[in-house]
Amino acid sequence: MSIDMAQFHQIFFEESFEGLDIMESGLLNLDMGDVDAETINTIFRAAHSIKGGSGTFGFSAVADFTHAMETLLDEMRDGRRKVTQPAVNVLLGSVDCLREMLTAIQDEKILDEAKVTEHKKALDTELNGGDNTALPSVQPTQPIAFENENAGWRIAFSPHTDLLKTGNDPVRMFRELAELGQIDITVDLQGVPGLYELDPEECHLSWQITVHGDIPRSEVDDIFDWVEEHCDLAVQDIKQTTQASSPVFDEPPQTAAIETTPPSSATNPPIVSESGQSEKINADKTPSAGKSSASIRVDTAKIDTLINMVGELVITQSMLSLIGEHFDLNKLDQLKNGLAQLERHTRELQESVMNIRMLPISFVFSRFPRLVHDLSSKLGKKIELQLIGEHTEVDKTVVELISDPLVHLVRNSLDHGIETPDERIAAGKQETGTVTLEAYHRGGNIVIEVSDDGRGLDKDKLRAKALEKGLIQDDAVLSDKQTFELIFMPGFSTAEQLTDVSGRGVGMDVVKRNIQSLGGNIDIVSQLGTGSTMAIYLPLTLAILDGQSVAVGDETYIIPLGSIIESINVTERMINRVAGKGETFRLRQEYLPIIRMHEIFSVPNAKATKLTEGLLVVVEGQGIRCGLFVDDLLTQQQVVVKSLEANYRHVEGISGATILGDGSVALILDIPGLVRLSNH
Amino acid sequence: MASILAVDDSASMRQMVSFTLKGAGYDVVEAVDGVDALNKAKSKKFDCVVTDVNMPNKDGIALIKDLRALPDYKFVPMLMLTTESGTDKKQQGKEAGATGWIVKPFNPDQLLKTIQKVLG
């Protein structure tokens with residue numbers, strides 16, 4: 001029977017990476033003074049599963065590596081080895097190494113053997129040295145004796161009375177023996193008690209079996225391997241017994257004690273080597289597994305909702321087709337109801353499908369405890385990491401793409417933000433600095449904040465630096481916000497020298513660009529001496545958007561609903577014209593710029609060209625508010641976002657396109673981009 | 001056809017065991033740990049139980065012990081999936097009433113062969 005093991009690889013990888021995360025967080029949580037047994041046990045179980053799986057699925061290098069980790073953890077678990085910081089560090093390093101190994105296998109890349117060997121060596125050193133009292137028991141492989149011309153075996157088998165209670169059955173074992181060669185069996189009834197004392201659940205029989213043929217001893221031992229402690233067993237070479245002509249069977253118990261010891265150690269090696277062979281075969285197959293499609297783990301409850309929803313949809317559909325079959329005007333109400341139902345169900349279905357793509361942000365956050373742990377010791381700082389709102393759900397794409405920018409921000413906070421313990425004490429702060437990662441929903445956005453209670457951004461220093469680099473003019477007047485945003489300019493770096501912690505060739509400008517490419521934005525608030533907060537705003541999902549369609553001439557545009565504050569009719573009194581600077585209008589004590597949509601996009605046939613004739617949609621984007629002048633508001637609807645870049649090219653002020661119900665294309669406005677566009 | 005309860009906390013191993021056994025025509029029910037397995041075993045009598053040893057909530061050895069105490073499972077074959085390093089686990093398993101073991105890593109053929117050994 002051949003089964004393609006490759007089909008289980010993907011799930012094995014997923015599970016193993018999960019296991020590695022569990023091990024990592026477990027190791028980080030270990031308190032040297034008071035080791036929690038369950039934590040160790042959990043870490044051990046994860047290592048154990050990875051080892052078992054990798055062996056079975058043919059990744060012998062991984063199995064081998066994990067075996068060393070497992071042994072170490074097992075000794076810790078049994079209390080044979082003390083949990084020390086160096087040992088934990090070695091294990092953490094091994095977790096990383098293992099992760100790389102698995103990634104390499106998954107991506108079919110070449111593994112850095114030297115690195116693996118190095119980690120393996122560190123593990124072995126820890127295993128052999130360290131605080132263990134008992135050396136890892138490496139069982140000496142006993143040479144397997146090969147009898148060349150073997151005529152068969154004579155077996156004396158007398159089960160203990162409790163043999164049946166282990167679920168073993170002598171009859172099955174005899175059948176197996178019969179498969180090895182021709183057998184002769186004689187049964188000994190002597191032990192059977194009288195009918196009144198007989199317990200049918202006990203075994204009172206014993207047997208003498210002769211198997212004929214050239215059969216390796218190990219195959220015979222294999223059959224009795226499971227019951228060796230529940231029986232007296234003696235296995236003798238036929239030739240020997242005939243030569244000696246003194247059957248051992250007369251006194252089985254004593255011989256049994258001697259004879260049964262070797263099997264346990266002698267039977268194992270063949271099994272191992274056999275599987276060693278199969279590993280090779282499987283290893284050949286691995287490439288075909290390849291980088292299979294990315295999968296996603298979904299809560300079954302979500303799937304159930306989805307199935308319910310589809311059921312409803314099918315009912316609605318059949319109802320509608322029934323109406324359609326014999327339609328007359330009396331049924332118009334029914335039709336309308338049906339359509340309303342269809343709309344509701346479609347929307348719900350859409351929501352639940354989108355929901356499937358939502359993952360908790362903890363997928364990203366979970367890597368930070370390790371990062372902070374490693375970096376703070378490297379930097380000689382005391383830093384505590386706080387995670388808030390880990391269960392906030394975000395689109396899978398966002399989860400994947402936000403990780404790198406976040407790492408960069410956290411590194412920055414650790415490196416430049418938090419001061420050294422001495423500096424902190426001198427500044428009258430607690431010795432331990434705090435970095436907080438927080439995620440929450442606000443409107444249609446998810447907000448991720450990275451804040452620290454460190455030294456904060458120094459405005460004068462930033463300005464001086466920007467001047468020195470020629471990024472701003474001498475006479476530039478900058479608001480606080482604008483000054484902080486200097487750090488996002490290409491070629492700007494405040495650190496006196498690049499450290500290997502934060503300066504990895506990627507600047508904050510890249511971070512900002514990455515976030516913007518996700519349709520998001522980043523904001524800085526900082527107070528010199530008390531800390532900084534970087535807030536990342538991201539759209540909840542990148543695929544579907546709640547929009548307000550507006551008419552401008554013959555065109556329809558979509559404004560993201562989340563960015564609309566209100567829509568108003570302006571009167572002449574509210575409008576203010578500043579020569580050369582465009583138009584503004586007053587909205588409750590505030591003057592906001594007006595963007596005429598038909599002008600900025602050169603749309604002909606606009607119905608409203610006078611401001612008082614059309615509507616002003618007040619929108620906000622990246623903290624800037626303005627009024628968009630449009631002909632009319634149309635409907636509110638969810639639109640499926642189609643990328644303009646992928647199908648055409650980037651257009652300033654437009655974030656994408658969508659297809660409307662009547663088949664025509666509507667462009668989706670990018671409010672911050674539009675504001676930038678109108679300023680030029 | 002004989003029904004088998006496959007218990008493992010690792011989804012990949014569980015799937016592999018279950019897939020292999022189903023392919024050979026057995027009825028397979030999966031359980032994710034000892035507690036889950038015990039509940040499933042109580043609701044339906046299985047002809048054989050294959051369980052991993054290291055699992056959260058209730059490990060394989062405790063599961064075998066609990067199952068053996070049930071009248072329905074007095075003589076049912078119970079196999080543990082264990083690693084070659086788990087000699088003392090084997091011992092504990094036997095004391096709990098395990099029928100035998102399958103040494104990890106194993107391939108589908110070895111698994112089937114062992115199952116046939118106890119079910120045949």
# chains A, B, ... in the order shown; residues from 1 in each chain; ligands from 1
call {"tool": "select_by_dssp", "arguments": {"residues": "chain B", "states": "strand (DSSP E or B)", "output": "VMD selection string"}}
result
chain B and resid 3 to 7 27 to 31 48 to 52 78 to 83 100 to 104
call {"tool": "interface_residues", "arguments": {"of": "chain B", "to": "chain A", "cutoff": "9 Å", "atoms": "only C-alpha atoms", "output": "PyMOL selection string"}}
result
chain B and resi 9-13+15-16+19-20+23-24+54-56+68+73-78+82-85+94-101+103-110+117-120
call {"tool": "write_last_selection", "arguments": {"atoms": "C-alpha atoms", "output": "PDB file, in the first residue's frame"}}
result
ATOM      1  CA  ASP B   9      -2.887  15.826  19.673  1.00  0.00           C
ATOM      2  CA  SER B  10      -0.803  16.431  16.565  1.00  0.00           C
ATOM      3  CA  ALA B  11      -3.132  17.006  13.629  1.00  0.00           C
ATOM      4  CA  SER B  12      -0.633  15.803  11.028  1.00  0.00           C
ATOM      5  CA  MET B  13       0.017  12.494  12.777  1.00  0.00           C
ATOM      6  CA  GLN B  15      -4.494  12.643   9.813  1.00  0.00           C
ATOM      7  CA  MET B  16      -1.776  10.321   8.644  1.00  0.00           C
ATOM      8  CA  PHE B  19      -5.963   8.363   6.362  1.00  0.00           C
ATOM      9  CA  THR B  20      -3.884   5.200   6.282  1.00  0.00           C
ATOM     10  CA  GLY B  23      -7.534   3.630   3.113  1.00  0.00           C
ATOM     11  CA  ALA B  24      -7.319   0.059   4.347  1.00  0.00           C
ATOM     12  CA  ASN B  54       2.316  12.637  25.129  1.00  0.00           C
ATOM     13  CA  MET B  55      -0.861  14.684  25.009  1.00  0.00           C
ATOM     14  CA  PRO B  56      -2.334  17.548  26.960  1.00  0.00           C
ATOM     15  CA  ARG B  68      -9.165  -0.839  30.556  1.00  0.00           C
ATOM     16  CA  TYR B  73     -12.706  -2.353  26.799  1.00  0.00           C
ATOM     17  CA  LYS B  74     -11.447  -5.159  28.976  1.00  0.00           C
ATOM     18  CA  PHE B  75      -9.988  -7.098  26.053  1.00  0.00           C
ATOM     19  CA  VAL B  76      -9.876  -4.510  23.311  1.00  0.00           C
ATOM     20  CA  PRO B  77      -6.416  -4.107  21.761  1.00  0.00           C
ATOM     21  CA  MET B  78      -4.879  -0.752  22.616  1.00  0.00           C
ATOM     22  CA  THR B  82       5.817   5.876  21.130  1.00  0.00           C
ATOM     23  CA  THR B  83       9.357   6.882  20.336  1.00  0.00           C
ATOM     24  CA  GLU B  84      12.305   4.567  20.562  1.00  0.00           C
ATOM     25  CA  SER B  85      13.553   6.569  23.500  1.00  0.00           C
ATOM     26  CA  LYS B  94       2.031  -1.998  29.783  1.00  0.00           C
ATOM     27  CA  GLU B  95       1.282  -1.537  33.419  1.00  0.00           C
ATOM     28  CA  ALA B  96      -1.708   0.547  32.419  1.00  0.00           C
ATOM     29  CA  GLY B  97      -2.905  -2.282  30.195  1.00  0.00           C
ATOM     30  CA  ALA B  98      -1.609  -1.421  26.732  1.00  0.00           C
ATOM     31  CA  THR B  99      -1.594  -4.281  24.267  1.00  0.00           C
ATOM     32  CA  GLY B 100       1.481  -3.123  22.420  1.00  0.00           C
ATOM     33  CA  TRP B 101       3.154  -0.220  20.738  1.00  0.00           C
ATOM     34  CA  VAL B 103       7.538   2.861  17.419  1.00  0.00           C
ATOM     35  CA  LYS B 104       7.755   6.328  15.928  1.00  0.00           C
ATOM     36  CA  PRO B 105       8.738   7.146  13.293  1.00  0.00           C
ATOM     37  CA  PHE B 106       6.701   4.626  11.399  1.00  0.00           C
ATOM     38  CA  ASN B 107       5.347   4.519   7.898  1.00  0.00           C
ATOM     39  CA  PRO B 108       1.819   3.614   6.803  1.00  0.00           C
ATOM     40  CA  ASP B 109       2.803   0.045   5.974  1.00  0.00           C
ATOM     41  CA  GLN B 110       4.215  -0.572   9.427  1.00  0.00           C
ATOM     42  CA  LYS B 117      -1.604  -8.066  13.975  1.00  0.00           C
ATOM     43  CA  VAL B 118      -4.195  -7.239  16.610  1.00  0.00           C
ATOM     44  CA  LEU B 119      -7.340  -7.072  14.524  1.00  0.00           C
ATOM     45  CA  GLY B 120      -6.875  -9.540  11.672  1.00  0.00           C
TER      46      GLY B 120
END
call {"tool": "atom_distance", "arguments": {"atom1": "atom CA of Asp36 of chain A", "atom2": "atom CA of Val62 of chain A"}}
result
27.2 Å
call {"tool": "residues_around", "arguments": {"residues": "Glu400 of chain A", "least_positions_apart": "3", "cutoff": "12 Å", "atoms": "only C-alpha atoms", "output": "PyMOL selection string"}}
result
chain A and resi 294+357-365+394-397+403-406+514-515+518
call {"tool": "residues_around", "arguments": {"residues": "Val665 of chain A", "least_positions_apart": "3", "cutoff": "12 Å", "atoms": "only C-alpha atoms", "output": "PDB file with N, CA and C atoms, in the first residue's frame"}}
result
ATOM      1  N   SER A 549     -21.377  56.388  -3.040  1.00  0.00           N
ATOM      2  CA  SER A 549     -21.124  56.801  -4.412  1.00  0.00           C
ATOM      3  C   SER A 549     -21.662  58.210  -4.631  1.00  0.00           C
ATOM      4  N   ASP A 554     -20.994  62.908 -15.640  1.00  0.00           N
ATOM      5  CA  ASP A 554     -21.502  61.582 -15.991  1.00  0.00           C
ATOM      6  C   ASP A 554     -20.787  60.478 -15.221  1.00  0.00           C
ATOM      7  N   GLU A 555     -19.822  60.903 -14.417  1.00  0.00           N
ATOM      8  CA  GLU A 555     -19.014  59.910 -13.712  1.00  0.00           C
ATOM      9  C   GLU A 555     -19.564  59.619 -12.320  1.00  0.00           C
ATOM     10  N   THR A 556     -19.251  58.425 -11.855  1.00  0.00           N
ATOM     11  CA  THR A 556     -19.556  58.071 -10.469  1.00  0.00           C
ATOM     12  C   THR A 556     -18.250  57.798  -9.755  1.00  0.00           C
ATOM     13  N   TYR A 557     -18.091  58.373  -8.569  1.00  0.00           N
ATOM     14  CA  TYR A 557     -16.911  58.105  -7.749  1.00  0.00           C
ATOM     15  C   TYR A 557     -17.361  57.490  -6.431  1.00  0.00           C
ATOM     16  N   ILE A 558     -16.459  56.728  -5.826  1.00  0.00           N
ATOM     17  CA  ILE A 558     -16.769  56.133  -4.531  1.00  0.00           C
ATOM     18  C   ILE A 558     -15.893  56.783  -3.468  1.00  0.00           C
ATOM     19  N   VAL A 639     -18.405  47.972  -1.890  1.00  0.00           N
ATOM     20  CA  VAL A 639     -17.816  47.758  -3.205  1.00  0.00           C
ATOM     21  C   VAL A 639     -16.604  46.852  -3.089  1.00  0.00           C
ATOM     22  N   VAL A 640     -16.404  46.071  -4.128  1.00  0.00           N
ATOM     23  CA  VAL A 640     -15.250  45.197  -4.169  1.00  0.00           C
ATOM     24  C   VAL A 640     -14.105  45.978  -4.799  1.00  0.00           C
ATOM     25  N   VAL A 641     -13.004  46.091  -4.071  1.00  0.00           N
ATOM     26  CA  VAL A 641     -11.912  46.923  -4.554  1.00  0.00           C
ATOM     27  C   VAL A 641     -11.063  46.149  -5.563  1.00  0.00           C
ATOM     28  N   LYS A 642     -10.919  46.732  -6.734  1.00  0.00           N
ATOM     29  CA  LYS A 642     -10.014  46.150  -7.735  1.00  0.00           C
ATOM     30  C   LYS A 642      -8.810  47.088  -7.830  1.00  0.00           C
ATOM     31  N   LEU A 644      -5.967  49.275  -9.114  1.00  0.00           N
ATOM     32  CA  LEU A 644      -5.722  50.023 -10.337  1.00  0.00           C
ATOM     33  C   LEU A 644      -4.288  49.778 -10.814  1.00  0.00           C
ATOM     34  N   GLY A 656      -8.327  52.900  -6.137  1.00  0.00           N
ATOM     35  CA  GLY A 656      -8.698  51.672  -6.816  1.00  0.00           C
ATOM     36  C   GLY A 656      -9.942  51.907  -7.641  1.00  0.00           C
ATOM     37  N   ALA A 657     -10.491  50.813  -8.150  1.00  0.00           N
ATOM     38  CA  ALA A 657     -11.697  50.930  -8.942  1.00  0.00           C
ATOM     39  C   ALA A 657     -12.650  49.826  -8.530  1.00  0.00           C
ATOM     40  N   THR A 658     -13.910  49.993  -8.920  1.00  0.00           N
ATOM     41  CA  THR A 658     -14.857  48.935  -8.641  1.00  0.00           C
ATOM     42  C   THR A 658     -15.864  48.878  -9.780  1.00  0.00           C
ATOM     43  N   ILE A 659     -16.580  47.774  -9.841  1.00  0.00           N
ATOM     44  CA  ILE A 659     -17.588  47.638 -10.883  1.00  0.00           C
ATOM     45  C   ILE A 659     -18.956  47.785 -10.249  1.00  0.00           C
ATOM     46  N   LEU A 660     -19.751  48.668 -10.798  1.00  0.00           N
ATOM     47  CA  LEU A 660     -21.065  48.939 -10.217  1.00  0.00           C
ATOM     48  C   LEU A 660     -22.092  47.925 -10.741  1.00  0.00           C
ATOM     49  N   GLY A 661     -23.263  47.968 -10.097  1.00  0.00           N
ATOM     50  CA  GLY A 661     -24.324  47.038 -10.459  1.00  0.00           C
ATOM     51  C   GLY A 661     -24.687  47.085 -11.937  1.00  0.00           C
ATOM     52  N   ASP A 662     -24.608  48.263 -12.566  1.00  0.00           N
ATOM     53  CA  ASP A 662     -24.981  48.359 -13.984  1.00  0.00           C
ATOM     54  C   ASP A 662     -23.811  48.032 -14.908  1.00  0.00           C
ATOM     55  N   ILE A 668     -12.452  54.693  -6.974  1.00  0.00           N
ATOM     56  CA  ILE A 668     -12.529  54.889  -5.534  1.00  0.00           C
ATOM     57  C   ILE A 668     -11.518  55.959  -5.142  1.00  0.00           C
TER      58      ILE A 668
END
call {"tool": "atom_distance", "arguments": {"atom1": "atom CA of Ala104 of chain A", "atom2": "atom CA of Asp124 of chain A"}}
result
22.7 Å
call {"tool": "atom_distance", "arguments": {"atom1": "atom CA of Leu20 of chain A", "atom2": "atom CA of Ala6 of chain B"}}
result
24.3 Å
call {"tool": "residues_around", "arguments": {"residues": "Val29 of chain B", "least_positions_apart": "3", "cutoff": "8 Å", "atoms": "only C-alpha atoms", "output": "JSON, numbers by chain"}}
result
{"B": [3, 4, 5, 6, 18]}
call {"tool": "write_last_selection", "arguments": {"atoms": "C-alpha atoms", "output": "short mmCIF file (atom, residue, chain, number, x, y, z; two decimals), in the first residue's frame"}}
result
data_model
loop_
_atom_site.label_atom_id
_atom_site.label_comp_id
_atom_site.auth_asym_id
_atom_site.auth_seq_id
_atom_site.Cartn_x
_atom_site.Cartn_y
_atom_site.Cartn_z
CA SER B 3 -13.67 0.43 13.94
CA ILE B 4 -10.60 2.17 15.31
CA LEU B 5 -10.23 5.15 17.60
CA ALA B 6 -7.15 7.19 16.66
CA SER B 18 -6.57 8.08 10.10
#
call {"tool": "closest_residue", "arguments": {"among": "B:Val28, B:Val7, B:Ile115, B:Leu38", "to": "Lys65 of chain B", "atoms": "only C-alpha atoms"}}
result
B:Leu38
call {"tool": "select_by_dssp", "arguments": {"residues": "chain B", "states": "alpha helix (DSSP H)", "output": "PDB file with C-alpha atoms, in the first residue's frame"}}
result
ATOM      1  CA  ALA B  11      -3.132  17.006  13.629  1.00  0.00           C
ATOM      2  CA  SER B  12      -0.633  15.803  11.028  1.00  0.00           C
ATOM      3  CA  MET B  13       0.017  12.494  12.777  1.00  0.00           C
ATOM      4  CA  ARG B  14      -3.671  12.031  13.444  1.00  0.00           C
ATOM      5  CA  GLN B  15      -4.494  12.643   9.813  1.00  0.00           C
ATOM      6  CA  MET B  16      -1.776  10.321   8.644  1.00  0.00           C
ATOM      7  CA  VAL B  17      -2.943   7.506  10.924  1.00  0.00           C
ATOM      8  CA  SER B  18      -6.567   8.076  10.102  1.00  0.00           C
ATOM      9  CA  PHE B  19      -5.963   8.363   6.362  1.00  0.00           C
ATOM     10  CA  THR B  20      -3.884   5.200   6.282  1.00  0.00           C
ATOM     11  CA  LEU B  21      -6.410   3.178   8.249  1.00  0.00           C
ATOM     12  CA  LYS B  22      -9.369   4.500   6.299  1.00  0.00           C
ATOM     13  CA  GLY B  23      -7.534   3.630   3.113  1.00  0.00           C
ATOM     14  CA  GLY B  34      -7.280  11.521  26.217  1.00  0.00           C
ATOM     15  CA  VAL B  35     -10.380  13.283  27.485  1.00  0.00           C
ATOM     16  CA  ASP B  36     -11.889  13.521  24.019  1.00  0.00           C
ATOM     17  CA  ALA B  37     -11.001   9.892  23.360  1.00  0.00           C
ATOM     18  CA  LEU B  38     -12.556   8.650  26.591  1.00  0.00           C
ATOM     19  CA  ASN B  39     -15.810  10.412  25.787  1.00  0.00           C
ATOM     20  CA  LYS B  40     -15.875   8.996  22.293  1.00  0.00           C
ATOM     21  CA  ALA B  41     -14.988   5.516  23.513  1.00  0.00           C
ATOM     22  CA  LYS B  42     -17.883   5.617  25.972  1.00  0.00           C
ATOM     23  CA  SER B  43     -20.412   6.548  23.333  1.00  0.00           C
ATOM     24  CA  GLY B  60      -2.121   8.130  26.437  1.00  0.00           C
ATOM     25  CA  ILE B  61      -1.170   6.086  29.470  1.00  0.00           C
ATOM     26  CA  ALA B  62      -3.924   7.513  31.641  1.00  0.00           C
ATOM     27  CA  LEU B  63      -6.324   6.980  28.761  1.00  0.00           C
ATOM     28  CA  ILE B  64      -5.409   3.304  28.447  1.00  0.00           C
ATOM     29  CA  LYS B  65      -5.764   2.854  32.185  1.00  0.00           C
ATOM     30  CA  ASP B  66      -9.219   4.459  32.181  1.00  0.00           C
ATOM     31  CA  LEU B  67     -10.336   2.491  29.153  1.00  0.00           C
ATOM     32  CA  ARG B  68      -9.165  -0.839  30.556  1.00  0.00           C
ATOM     33  CA  THR B  87      11.430   2.600  27.084  1.00  0.00           C
ATOM     34  CA  ASP B  88      10.015   3.551  30.440  1.00  0.00           C
ATOM     35  CA  LYS B  89       6.904   4.829  28.691  1.00  0.00           C
ATOM     36  CA  LYS B  90       6.427   1.383  27.222  1.00  0.00           C
ATOM     37  CA  GLN B  91       6.738  -0.051  30.700  1.00  0.00           C
ATOM     38  CA  GLN B  92       4.217   2.402  32.110  1.00  0.00           C
ATOM     39  CA  GLY B  93       1.935   1.708  29.204  1.00  0.00           C
ATOM     40  CA  LYS B  94       2.031  -1.998  29.783  1.00  0.00           C
ATOM     41  CA  GLU B  95       1.282  -1.537  33.419  1.00  0.00           C
ATOM     42  CA  ALA B  96      -1.708   0.547  32.419  1.00  0.00           C
ATOM     43  CA  PRO B 108       1.819   3.614   6.803  1.00  0.00           C
ATOM     44  CA  ASP B 109       2.803   0.045   5.974  1.00  0.00           C
ATOM     45  CA  GLN B 110       4.215  -0.572   9.427  1.00  0.00           C
ATOM     46  CA  LEU B 111       1.100   0.904  10.960  1.00  0.00           C
ATOM     47  CA  LEU B 112      -1.194  -1.323   8.933  1.00  0.00           C
ATOM     48  CA  LYS B 113       0.873  -4.379   9.635  1.00  0.00           C
ATOM     49  CA  THR B 114       0.689  -3.757  13.342  1.00  0.00           C
ATOM     50  CA  ILE B 115      -3.034  -3.092  13.260  1.00  0.00           C
ATOM     51  CA  GLN B 116      -3.594  -6.278  11.326  1.00  0.00           C
ATOM     52  CA  LYS B 117      -1.604  -8.066  13.975  1.00  0.00           C
ATOM     53  CA  VAL B 118      -4.195  -7.239  16.610  1.00  0.00           C
ATOM     54  CA  LEU B 119      -7.340  -7.072  14.524  1.00  0.00           C
TER      55      LEU B 119
END
call {"tool": "residues_around", "arguments": {"residues": "Gly456 of chain A", "least_positions_apart": "5", "cutoff": "9 Å", "atoms": "only C-alpha atoms", "output": "ChimeraX atom specification"}}
result
/A:416-418,526-533
call {"tool": "residues_around", "arguments": {"residues": "segment 308-321 of chain A", "least_positions_apart": "2", "cutoff": "12 Å", "atoms": "only C-alpha atoms", "output": "ChimeraX atom specification"}}
result
/A:301-306,323-327,331-353
call {"tool": "write_last_selection", "arguments": {"atoms": "C-alpha atoms", "output": "PDB file, in the first residue's frame"}}
result
ATOM      1  CA  ALA A 301     -17.883  28.192  14.116  1.00  0.00           C
ATOM      2  CA  LYS A 302     -17.070  30.560  11.283  1.00  0.00           C
ATOM      3  CA  ILE A 303     -17.483  27.798   8.730  1.00  0.00           C
ATOM      4  CA  ASP A 304     -20.804  26.783  10.268  1.00  0.00           C
ATOM      5  CA  THR A 305     -22.129  30.316   9.952  1.00  0.00           C
ATOM      6  CA  LEU A 306     -21.014  30.307   6.371  1.00  0.00           C
ATOM      7  CA  ILE A 323     -42.044  33.842  -8.384  1.00  0.00           C
ATOM      8  CA  GLY A 324     -40.352  34.188 -11.748  1.00  0.00           C
ATOM      9  CA  GLU A 325     -42.034  31.127 -13.197  1.00  0.00           C
ATOM     10  CA  HIS A 326     -45.562  32.527 -13.137  1.00  0.00           C
ATOM     11  CA  PHE A 327     -45.007  36.168 -12.766  1.00  0.00           C
ATOM     12  CA  LYS A 331     -46.552  39.333  -7.217  1.00  0.00           C
ATOM     13  CA  LEU A 332     -44.512  42.519  -7.340  1.00  0.00           C
ATOM     14  CA  ASP A 333     -44.500  42.834  -3.553  1.00  0.00           C
ATOM     15  CA  GLN A 334     -43.341  39.284  -3.152  1.00  0.00           C
ATOM     16  CA  LEU A 335     -40.580  39.926  -5.638  1.00  0.00           C
ATOM     17  CA  LYS A 336     -39.457  43.019  -3.778  1.00  0.00           C
ATOM     18  CA  ASN A 337     -39.404  41.123  -0.507  1.00  0.00           C
ATOM     19  CA  GLY A 338     -37.441  38.343  -2.087  1.00  0.00           C
ATOM     20  CA  LEU A 339     -34.896  40.737  -3.500  1.00  0.00           C
ATOM     21  CA  ALA A 340     -34.526  42.483  -0.171  1.00  0.00           C
ATOM     22  CA  GLN A 341     -33.913  39.116   1.420  1.00  0.00           C
ATOM     23  CA  LEU A 342     -31.385  38.249  -1.260  1.00  0.00           C
ATOM     24  CA  GLU A 343     -29.555  41.464  -0.620  1.00  0.00           C
ATOM     25  CA  ARG A 344     -29.475  40.852   3.105  1.00  0.00           C
ATOM     26  CA  HIS A 345     -28.208  37.325   2.713  1.00  0.00           C
ATOM     27  CA  THR A 346     -25.584  38.278   0.173  1.00  0.00           C
ATOM     28  CA  ARG A 347     -24.294  40.920   2.497  1.00  0.00           C
ATOM     29  CA  GLU A 348     -24.208  38.548   5.429  1.00  0.00           C
ATOM     30  CA  LEU A 349     -22.500  35.948   3.322  1.00  0.00           C
ATOM     31  CA  GLN A 350     -19.949  38.466   2.227  1.00  0.00           C
ATOM     32  CA  GLU A 351     -19.313  39.472   5.794  1.00  0.00           C
ATOM     33  CA  SER A 352     -18.801  35.919   6.928  1.00  0.00           C
ATOM     34  CA  VAL A 353     -16.479  35.174   4.045  1.00  0.00           C
TER      35      VAL A 353
END
